[in-house]
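Here the structure comes first, spelled out in structure tokens, and everything after it is commentary.
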Amino acid sequence: MGKPNLPDNEITRFSVSLPGKLLCDLDQMVDEKGYDSRSEAIADMIRARLVEHHWTHSDHEEIAGTITLVFDHHHRGLQAELTDLQHDAGAHIVSTLHVHLDHDHCLEVIVTRGPAGPIKRLADRLIATHGVTHGALTVITTGKDLITTGKDLHS
Ligand code: NI
């Protein structure tokens, strides 16, 4: 398929063929989520999949996202271990939020920004640390994605 050569923010129409059921399900989701149009919903989905594609396929892609951890507050040495891992990755950590969830559990949200590779490895190590019960890396955007916000796809 040829690459369309268009300015970044020019809105372009293209046609898509879908099974009827899939289109019905799409329209229902568009309605439930409160999108103004199918185009807005589809653009959001495409953007999310592109972000995912780029950061999972490149170590150098610039990303911004969060690492969320839930861990056992009583687990000996765990807090220090998690902090050591974060100090080693210092440059890529923007901010950390710590919440004392209940008597036993802490929730930590680590905001990261930088190249995908080191951030993925940091997330993997934090999540794999013994005593961490839940963990996830959520990538919100790549550097590229910041250029086009495109919330103007009314049809
Ligand atoms: Ni705590």
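Just remember, in the structure tokens the first chain shown is A, the second B, etc., residues are 1-based per chain, and ligands are 1-based in the order shown.
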All residues having an atom within 10 Å of ligand 1 (only C-alpha atoms and all ligand atoms) as a PDB file with N, CA, C and O atoms, in the first residue's frame:
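Listing of pocket-v9.pdb after writing:
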```
ATOM      1  N   VAL A  70       1.602  -2.770  43.307  1.00  0.00           N
ATOM      2  CA  VAL A  70       0.999  -3.001  44.623  1.00  0.00           C
ATOM      3  C   VAL A  70       1.892  -4.011  45.317  1.00  0.00           C
ATOM      4  O   VAL A  70       2.260  -5.027  44.725  1.00  0.00           O
ATOM      5  N   PHE A  71       2.303  -3.701  46.536  1.00  0.00           N
ATOM      6  CA  PHE A  71       3.191  -4.625  47.228  1.00  0.00           C
ATOM      7  C   PHE A  71       2.900  -4.708  48.721  1.00  0.00           C
ATOM      8  O   PHE A  71       2.228  -3.847  49.301  1.00  0.00           O
ATOM      9  N   ASP A  72       3.442  -5.779  49.295  1.00  0.00           N
ATOM     10  CA  ASP A  72       3.234  -6.083  50.712  1.00  0.00           C
ATOM     11  C   ASP A  72       4.176  -5.228  51.551  1.00  0.00           C
ATOM     12  O   ASP A  72       5.390  -5.370  51.501  1.00  0.00           O
ATOM     13  N   HIS A  73       3.603  -4.368  52.313  1.00  0.00           N
ATOM     14  CA  HIS A  73       4.325  -3.408  53.118  1.00  0.00           C
ATOM     15  C   HIS A  73       5.218  -4.093  54.170  1.00  0.00           C
ATOM     16  O   HIS A  73       6.248  -3.563  54.576  1.00  0.00           O
ATOM     17  N   HIS A  74       4.831  -5.318  54.591  1.00  0.00           N
ATOM     18  CA  HIS A  74       5.570  -6.015  55.649  1.00  0.00           C
ATOM     19  C   HIS A  74       6.700  -6.883  55.107  1.00  0.00           C
ATOM     20  O   HIS A  74       7.471  -7.435  55.875  1.00  0.00           O
ATOM     21  N   GLN A  79      10.773  -2.601  50.232  1.00  0.00           N
ATOM     22  CA  GLN A  79      10.734  -1.165  49.918  1.00  0.00           C
ATOM     23  C   GLN A  79      12.121  -0.661  49.495  1.00  0.00           C
ATOM     24  O   GLN A  79      12.259   0.070  48.511  1.00  0.00           O
ATOM     25  N   HIS A  98       3.276   7.503  46.315  1.00  0.00           N
ATOM     26  CA  HIS A  98       3.137   6.363  47.222  1.00  0.00           C
ATOM     27  C   HIS A  98       1.856   6.510  48.024  1.00  0.00           C
ATOM     28  O   HIS A  98       1.620   7.547  48.637  1.00  0.00           O
ATOM     29  N   VAL A  99       1.038   5.455  48.008  1.00  0.00           N
ATOM     30  CA  VAL A  99      -0.217   5.474  48.768  1.00  0.00           C
ATOM     31  C   VAL A  99      -0.232   4.273  49.714  1.00  0.00           C
ATOM     32  O   VAL A  99       0.016   3.149  49.280  1.00  0.00           O
ATOM     33  N   HIS A 100      -0.499   4.503  51.002  1.00  0.00           N
ATOM     34  CA  HIS A 100      -0.636   3.405  51.951  1.00  0.00           C
ATOM     35  C   HIS A 100      -2.065   2.887  51.831  1.00  0.00           C
ATOM     36  O   HIS A 100      -2.993   3.454  52.409  1.00  0.00           O
ATOM     37  N   LEU A 101      -2.240   1.833  51.037  1.00  0.00           N
ATOM     38  CA  LEU A 101      -3.587   1.348  50.689  1.00  0.00           C
ATOM     39  C   LEU A 101      -4.369   0.876  51.904  1.00  0.00           C
ATOM     40  O   LEU A 101      -5.518   1.258  52.105  1.00  0.00           O
ATOM     41  N   ASP A 102      -3.773  -0.011  52.667  1.00  0.00           N
ATOM     42  CA  ASP A 102      -4.405  -0.485  53.897  1.00  0.00           C
ATOM     43  C   ASP A 102      -3.282  -0.921  54.836  1.00  0.00           C
ATOM     44  O   ASP A 102      -2.113  -0.621  54.591  1.00  0.00           O
ATOM     45  N   HIS A 103      -3.600  -1.654  55.882  1.00  0.00           N
ATOM     46  CA  HIS A 103      -2.598  -2.043  56.874  1.00  0.00           C
ATOM     47  C   HIS A 103      -1.417  -2.787  56.243  1.00  0.00           C
ATOM     48  O   HIS A 103      -0.279  -2.655  56.693  1.00  0.00           O
ATOM     49  N   ASP A 104      -1.695  -3.574  55.191  1.00  0.00           N
ATOM     50  CA  ASP A 104      -0.667  -4.463  54.640  1.00  0.00           C
ATOM     51  C   ASP A 104      -0.072  -4.016  53.312  1.00  0.00           C
ATOM     52  O   ASP A 104       0.996  -4.478  52.942  1.00  0.00           O
ATOM     53  N   HIS A 105      -0.793  -3.191  52.575  1.00  0.00           N
ATOM     54  CA  HIS A 105      -0.405  -2.949  51.177  1.00  0.00           C
ATOM     55  C   HIS A 105      -0.098  -1.494  50.853  1.00  0.00           C
ATOM     56  O   HIS A 105      -0.760  -0.585  51.337  1.00  0.00           O
ATOM     57  N   CYS A 106       0.912  -1.348  49.985  1.00  0.00           N
ATOM     58  CA  CYS A 106       1.234  -0.042  49.445  1.00  0.00           C
ATOM     59  C   CYS A 106       0.990  -0.053  47.942  1.00  0.00           C
ATOM     60  O   CYS A 106       1.171  -1.079  47.281  1.00  0.00           O
ATOM     61  N   LEU A 107       0.593   1.083  47.420  1.00  0.00           N
ATOM     62  CA  LEU A 107       0.440   1.289  45.978  1.00  0.00           C
ATOM     63  C   LEU A 107       1.454   2.346  45.573  1.00  0.00           C
ATOM     64  O   LEU A 107       1.560   3.395  46.223  1.00  0.00           O
ATOM     65  N   GLU A 108       2.225   2.045  44.519  1.00  0.00           N
ATOM     66  CA  GLU A 108       3.159   3.037  44.039  1.00  0.00           C
ATOM     67  C   GLU A 108       2.933   3.276  42.552  1.00  0.00           C
ATOM     68  O   GLU A 108       2.760   2.314  41.801  1.00  0.00           O
TER      69      GLU A 108
END
```
Alpha helix (DSSP H) residues, from DSSP on the backbone, in chain A, as a VMD selection string
chain A and resid 20 to 33 38 to 57 78 to 88 116 to 128
List every residue of chain A that DSSP, applied to the backbone of this structure, places in strand (DSSP E), and write the result as a PyMOL selection string.
chain A and resi 62-72+93-100+105-115+132-142
Within 12 Å of stretch 20-26 of chain A, counting only C-alpha atoms, which residues qualify if same-chain residues fewer than 2 places away don't, as a PyMOL selection string?
chain A and resi 16-18+28-33+35+37-42+45
Residues just named, written with C-alpha atoms as a PDB file, in the first residue's frame:
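Output contents, as saved in out_8.pdb:
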```pdb
ATOM      1  CA  VAL A  16     -13.293   0.528   5.561  1.00  0.00           C
ATOM      2  CA  SER A  17     -15.263  -2.681   5.000  1.00  0.00           C
ATOM      3  CA  LEU A  18     -16.543  -4.414   8.131  1.00  0.00           C
ATOM      4  CA  GLN A  28     -22.648   0.784  20.529  1.00  0.00           C
ATOM      5  CA  MET A  29     -19.198   1.438  22.025  1.00  0.00           C
ATOM      6  CA  VAL A  30     -19.038   4.889  20.392  1.00  0.00           C
ATOM      7  CA  ASP A  31     -22.384   5.659  22.013  1.00  0.00           C
ATOM      8  CA  GLU A  32     -21.520   4.232  25.443  1.00  0.00           C
ATOM      9  CA  LYS A  33     -18.179   6.024  25.626  1.00  0.00           C
ATOM     10  CA  TYR A  35     -17.744   9.890  21.351  1.00  0.00           C
ATOM     11  CA  SER A  37     -18.471  10.245  15.947  1.00  0.00           C
ATOM     12  CA  ARG A  38     -17.116   6.900  14.779  1.00  0.00           C
ATOM     13  CA  SER A  39     -14.121   8.773  13.382  1.00  0.00           C
ATOM     14  CA  GLU A  40     -13.078  10.016  16.824  1.00  0.00           C
ATOM     15  CA  ALA A  41     -13.388   6.561  18.347  1.00  0.00           C
ATOM     16  CA  ILE A  42     -11.464   4.913  15.523  1.00  0.00           C
ATOM     17  CA  MET A  45      -8.035   3.192  18.751  1.00  0.00           C
TER      18      MET A  45
END
```
Shell of 9 Å around A:Ala89, only C-alpha atoms, local chain residues under 6 positions omitted, as a ChimeraX atom specification:
/A:118-119,122
Could you take the residues named above and write them with N, CA and C atoms, as an mmCIF file, in the first residue's frame?
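Here's the written file result35.cif:
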```cif
data_model
loop_
_atom_site.group_PDB
_atom_site.id
_atom_site.type_symbol
_atom_site.label_atom_id
_atom_site.label_comp_id
_atom_site.auth_asym_id
_atom_site.auth_seq_id
_atom_site.Cartn_x
_atom_site.Cartn_y
_atom_site.Cartn_z
ATOM 1 N N PRO A 118 15.040 0.923 28.353
ATOM 2 C CA PRO A 118 15.334 0.963 29.784
ATOM 3 C C PRO A 118 14.065 1.005 30.650
ATOM 4 N N ILE A 119 13.014 1.649 30.168
ATOM 5 C CA ILE A 119 11.779 1.736 30.944
ATOM 6 C C ILE A 119 11.093 0.368 31.016
ATOM 7 N N LEU A 122 13.132 -1.687 33.456
ATOM 8 C CA LEU A 122 12.863 -1.261 34.834
ATOM 9 C C LEU A 122 11.521 -1.830 35.316
#
```
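Using only C-alpha atoms, the nearest neighbour of A:Ser58 within the list A:Leu85, A:Ala116, A:Ile110, A:Ala91 is A:Ala116.
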Residues of stretch 110-149 of chain A within 9 Å of stretch 53-57 of chain A: nearest atom pair and distance (Å, one decimal) for each, counting only C-alpha atoms, sorted by chain and number, as JSON lines?
```
{"residue": "A:Pro115", "atom": "CA", "partner": "A:Trp55", "partner_atom": "CA", "distance": 8.7}
{"residue": "A:Ala116", "atom": "CA", "partner": "A:Trp55", "partner_atom": "CA", "distance": 5.8}
{"residue": "A:Gly117", "atom": "CA", "partner": "A:Trp55", "partner_atom": "CA", "distance": 8.3}
{"residue": "A:Lys120", "atom": "CA", "partner": "A:Thr56", "partner_atom": "CA", "distance": 8.9}
{"residue": "A:Val139", "atom": "CA", "partner": "A:Trp55", "partner_atom": "CA", "distance": 8.1}
{"residue": "A:Thr141", "atom": "CA", "partner": "A:Trp55", "partner_atom": "CA", "distance": 9.0}
{"residue": "A:Thr142", "atom": "CA", "partner": "A:Trp55", "partner_atom": "CA", "distance": 7.3}
```
Export, as a compact mmCIF listing (two decimals), in the first residue's frame, the selected residues with N, CA, C and O atoms.
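Dumped everything to again19.txt:
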```txt
# COMPACT_ATOMS: atom_id res chain seq x y z
N PRO A 115 13.58 6.58 26.78
CA PRO A 115 13.59 5.53 25.77
C PRO A 115 12.89 4.25 26.28
O PRO A 115 12.99 3.91 27.46
N ALA A 116 12.15 3.61 25.37
CA ALA A 116 11.32 2.47 25.74
C ALA A 116 12.11 1.34 26.39
O ALA A 116 11.64 0.73 27.36
N GLY A 117 13.31 1.04 25.89
CA GLY A 117 14.07 -0.12 26.36
C GLY A 117 14.34 -0.10 27.85
O GLY A 117 13.91 -1.02 28.57
N LYS A 120 11.08 -0.35 29.90
CA LYS A 120 10.50 -1.71 29.91
C LYS A 120 11.28 -2.60 30.86
O LYS A 120 10.70 -3.37 31.63
N VAL A 139 1.83 2.55 28.86
CA VAL A 139 2.46 3.56 28.04
C VAL A 139 1.38 4.44 27.43
O VAL A 139 0.46 3.96 26.77
N THR A 141 1.95 7.51 25.73
CA THR A 141 2.26 8.16 24.47
C THR A 141 3.71 7.91 24.06
O THR A 141 4.55 7.60 24.90
N THR A 142 3.97 8.05 22.79
CA THR A 142 5.33 8.14 22.31
C THR A 142 5.57 9.60 21.96
O THR A 142 4.63 10.37 21.87
```
Find the residue from A:His92, A:Ile127, A:Ala43, A:Thr112 that sits nearest to A:Ile11; use only C-alpha atoms when measuring.
A:Ala43
List the neighbours of A:Gly65 out to 8 Å using only C-alpha atoms; skip same-chain residues closer than 2 positions along the sequence, and give me the result as a VMD selection string.
chain A and resid 63 67 111 to 113 137 to 141
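Residue nearest A:Arg121 within the list A:Thr66, A:Thr133, A:Ile93, A:Asp59: A:Asp59 [criterion: smallest interatomic distance, only C-alpha atoms].
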